[in-house]
Structure formats: C-alpha cells, structure tokens
Amino acid sequence: MLNITFIFLEASIEPIPESIWNHPAVQKDSKRRKRSPAEILLDDSKHHAAMKNLENREKRGRPDIIHMCLLSIFDSPIGGLSDVYVHTIDGKIIGFSKGLRLPRNYNRFVGLMEQLLKEGKIKSGGKTLIEIKDHDLESLLRSVNPSQTSQILLLTEKGEELDGLQLDLDLNLTPNLVILIGAFPHGDFDRKVMESIQKFNPISISLGKRSYTSLYVTNRVICLLENSLRRLRDGR
C-alpha cells in the first residue's frame, strides 16, 4: 500500500518577534485583540510597517499561504490518505491528523495556530488533531523514511520538469512517497534547510520553467496524484 507524506517547508507560522513588539503597528494590533504580542501570529497584512527590518522579511508574515495549501490537501481524497506536516520558518514541525477539517475562515485558522503555539497541541474529543512534534526537519525526514526506501520529491523551479507519466512510474516503484513543497511567498529555500534535505537524496522536480505559487504547486501535485492513483487502481 502506498504511503504519501506531504511536508510544507518554511511556512510563516511564527509569533511576532520580540524585536518589534514595541512598534506602533504591533501595539495597535495587541490592544485591539487584548493579547500580548508574544501570543499573536506575525501577519504581513497587519504588521507590514513593523516588519521592514526583519531578517528574511520577504519570506515571513504570510500564514495565509499555508492555510490555503492545507485546505486544498484536506479537501481532497488525498488528504485522507496522507500524512501532512508543516515545517515553520523558525524550525518547528507541526503534524496534522489525517482527514482533518481545518477552519475555512482565515481569522479562525490564525486563532487556532496561535493556540497551538501556546499550548503545543490541539485536541478534540480526546483525540490530538494538531501538534508540535519533537522533531527538526532532518529527524522528521528520517522518521518518515525509516527503511530509506521512500521516494523523496522536492518541488523546485530548479528541478527536472515533471509530467504525469513520471509520477505514475514513481508510484509504481515505491511504497512510500514524500513530497516537499515550499510554503513561502518569495525567495529560495534556506541553505540549512537544503543541507538537511540533500542528506536524503531527493529528486528535484519542477512543474515548469517559471516560479509558481505554493497553492498552484500543491493543487497540481494533488491532481497528478489523484489521476495516477486512479490509473493504478484501475490497472491501467
């Protein structure tokens, strides 16, 4: 049986950095929400002016990107078959239960992520739905590839162009498929992130000759997987 794992890389799920807590834009949001800046998710739409001098500023403050990607995954039948993890820009690993129903409303999603960062896990009915894992990226990749038989695919514009036939071959040849997708708006993968990934000999693939949004890449991969699994099931 095929096991599919999605890992979204460098997602903007982080609290407001202490270095900008006193900025007027942050203080305004803190007072409006009646919360400490330490308990508020960094969001470019609200904290843009405060983020001007942050390191890696172009990759931060966009939790909407991972929200949309996760909704696409969990809206699809693939979501019920896949293990889904989010690697955050500050190195945390978040695990999601299969078939999870995430809030569709963005503000509710932000509130859920703020609760997760504060408490470490989200539970309902005695079941853990979302939790911060005791992993870094390298140990996560090792845990989802214990026998080193997984096919690890890194989606990057610098990779070989992928078509449906190649994906069919991958599904036929491997019982475990790990798919790595960047979840940031601009820039390239962090050097240390790439060093961790390269230890597992990933296959770098692209969907074309240009840069695509994380949501587009996620949706294309979902469609390719659904079509490939259907053909495998039908014996074609």
# chains A, B, ... in the order shown; residues from 1 in each chain; ligands from 1

$ residues_around --residues "Lys98 (chain A)" --least-positions-apart "6" --cutoff "10 Å" --atoms "only C-alpha atoms" --output "list in words"
Phe74, Ile78, Gly79, Gly80, Leu81, Ser82, Asp83, Val84, Leu129 and Ile130 of chain A

$ closest_atom_pairs --of "region 127-199 of chain A" --to "region 208-211 of chain A" --cutoff "9 Å" --atoms "only C-alpha atoms" --output "Markdown table"
| residue | atom | partner | partner_atom | distance |
| --- | --- | --- | --- | --- |
| A:Thr156 | CA | A:Ser211 | CA | 8.3 |
| A:Glu157 | CA | A:Ser211 | CA | 5.9 |
| A:Lys158 | CA | A:Lys209 | CA | 8.3 |
| A:Glu160 | CA | A:Gly208 | CA | 8.6 |
| A:Glu161 | CA | A:Gly208 | CA | 5.8 |
| A:Leu162 | CA | A:Gly208 | CA | 7.8 |

$ select_by_dssp --residues "chain A" --states "strand (DSSP E or B)" --output "MDAnalysis selection string"
chainID A and resid 3:11 15 41 82:88 93:96 121:124 127:132 151:161 176:182 203:206

$ closest_residue --among "A:Arg101, A:Lys118, A:Lys133, A:Lys46" --to "Thr88 (chain A)" --atoms "only C-alpha atoms"
A:Lys133

$ select_by_dssp --residues "region 9-197 of chain A" --states "helix (DSSP H, G or I)" --output "PyMOL selection string"
chain A and resi 18-20+24-33+37-39+44-51+57-59+63-75+77-80+106-119+137-143+164-173+191-197

$ write_last_selection --atoms "C-alpha atoms" --output "compact mmCIF listing (two decimals), in the first residue's frame"
# COMPACT_ATOMS: atom_id res chain seq x y z
CA GLU A 18 10.28 40.32 20.34
CA SER A 19 12.40 42.83 18.41
CA ILE A 20 9.26 44.52 17.01
CA PRO A 24 3.09 51.07 16.81
CA ALA A 25 1.57 48.62 14.29
CA VAL A 26 2.16 45.72 16.67
CA GLN A 27 0.97 47.64 19.72
CA LYS A 28 -2.21 48.64 17.88
CA ASP A 29 -2.98 45.02 16.99
CA SER A 30 -2.11 43.86 20.51
CA LYS A 31 -4.51 46.36 22.09
CA ARG A 32 -7.26 45.56 19.60
CA ARG A 33 -7.02 41.85 20.29
CA PRO A 37 2.43 40.38 21.04
CA ALA A 38 4.10 37.11 22.06
CA GLU A 39 0.73 35.35 21.57
CA ASP A 44 2.22 40.99 6.95
CA SER A 45 -1.26 42.41 6.35
CA LYS A 46 -1.30 43.82 9.90
CA HIS A 47 2.36 44.20 10.80
CA HIS A 48 3.84 45.25 7.46
CA ALA A 49 5.34 48.51 8.74
CA ALA A 50 6.94 46.75 11.70
CA MET A 51 8.50 44.01 9.57
CA ARG A 57 11.44 39.67 5.74
CA GLU A 58 10.28 38.61 2.23
CA LYS A 59 9.52 35.06 3.44
CA PRO A 63 0.24 32.35 7.22
CA ASP A 64 -2.47 32.63 4.56
CA ILE A 65 -0.26 30.65 2.17
CA ILE A 66 -0.08 27.52 4.31
CA HIS A 67 -3.76 27.92 5.24
CA MET A 68 -4.78 27.70 1.57
CA CYS A 69 -2.41 24.80 0.85
CA LEU A 70 -3.71 22.80 3.81
CA LEU A 71 -7.33 23.44 2.81
CA SER A 72 -6.56 22.05 -0.66
CA ILE A 73 -4.93 18.95 0.80
CA PHE A 74 -7.71 18.20 3.27
CA ASP A 75 -10.47 18.98 0.74
CA PRO A 77 -9.36 12.48 -1.08
CA ILE A 78 -5.55 12.60 -0.96
CA GLY A 79 -5.82 14.31 2.43
CA GLY A 80 -7.43 11.22 3.92
CA TYR A 106 -8.65 32.69 7.83
CA ASN A 107 -9.04 34.50 11.15
CA ARG A 108 -10.21 31.28 12.83
CA PHE A 109 -7.20 29.47 11.37
CA VAL A 110 -4.89 32.15 12.77
CA GLY A 111 -6.51 31.78 16.18
CA LEU A 112 -6.02 28.01 16.00
CA MET A 113 -2.33 28.39 15.15
CA GLU A 114 -1.88 30.89 17.99
CA GLN A 115 -3.46 28.39 20.38
CA LEU A 116 -1.18 25.65 19.02
CA LEU A 117 1.97 27.73 19.53
CA LYS A 118 0.89 28.49 23.09
CA GLU A 119 -0.27 25.00 24.13
CA LEU A 137 13.40 18.77 9.70
CA GLU A 138 16.20 16.23 9.46
CA SER A 139 14.80 13.93 12.14
CA LEU A 140 11.33 14.21 10.57
CA LEU A 141 12.68 13.13 7.20
CA ARG A 142 14.42 10.23 8.90
CA SER A 143 11.22 9.21 10.71
CA GLY A 164 2.10 12.66 -15.28
CA LEU A 165 3.94 9.67 -16.73
CA GLN A 166 6.94 10.20 -14.47
CA LEU A 167 4.68 10.38 -11.44
CA ASP A 168 2.96 7.14 -12.44
CA LEU A 169 6.35 5.45 -12.58
CA ASP A 170 7.25 6.80 -9.15
CA LEU A 171 4.04 5.41 -7.66
CA ASN A 172 4.67 2.01 -9.19
CA LEU A 173 8.23 1.81 -7.94
CA ARG A 191 20.69 26.95 2.89
CA LYS A 192 20.46 24.92 6.11
CA VAL A 193 17.08 23.54 5.07
CA MET A 194 18.56 22.39 1.76
CA GLU A 195 21.54 20.83 3.53
CA SER A 196 19.17 18.76 5.68
CA ILE A 197 17.10 17.69 2.67

$ residues_around --residues "Tyr85 (chain A)" --least-positions-apart "5" --cutoff "8 Å" --atoms "only C-alpha atoms" --output "JSON list (two decimals) with C-alpha atoms, in the first residue's frame"
[["chain", "number", "residue", "atom", "x", "y", "z"],
["A", 5, "THR", "CA", 3.66, 12.26, 3.13],
["A", 6, "PHE", "CA", 3.43, 15.98, 2.43],
["A", 7, "ILE", "CA", 5.93, 18.29, 4.13],
["A", 8, "PHE", "CA", 5.47, 22.02, 3.60],
["A", 93, "ILE", "CA", 7.47, 20.75, 12.95],
["A", 94, "ILE", "CA", 3.66, 20.65, 13.09],
["A", 95, "GLY", "CA", 1.80, 17.40, 12.48],
["A", 96, "PHE", "CA", -1.82, 17.17, 11.35]]

$ residues_around --residues "Phe184 (chain A)" --least-positions-apart "6" --cutoff "7 Å" --atoms "only C-alpha atoms" --output "list of chain:residue names"
A:Glu10, A:Ala11, A:Ser12, A:Lys59

$ closest_residue --among "A:Trp21, A:Gly61, A:Ser124, A:Leu225" --to "Ile89 (chain A)" --atoms "only C-alpha atoms"
A:Gly61

$ closest_residue --among "A:Ile40, A:Ile222, A:Leu232, A:Ile16" --to "Ser76 (chain A)" --atoms "only C-alpha atoms"
A:Ile222

$ closest_residue --among "A:Ile4, A:Leu180, A:Leu229, A:Leu102" --to "Ser214 (chain A)" --atoms "only C-alpha atoms"
A:Leu180
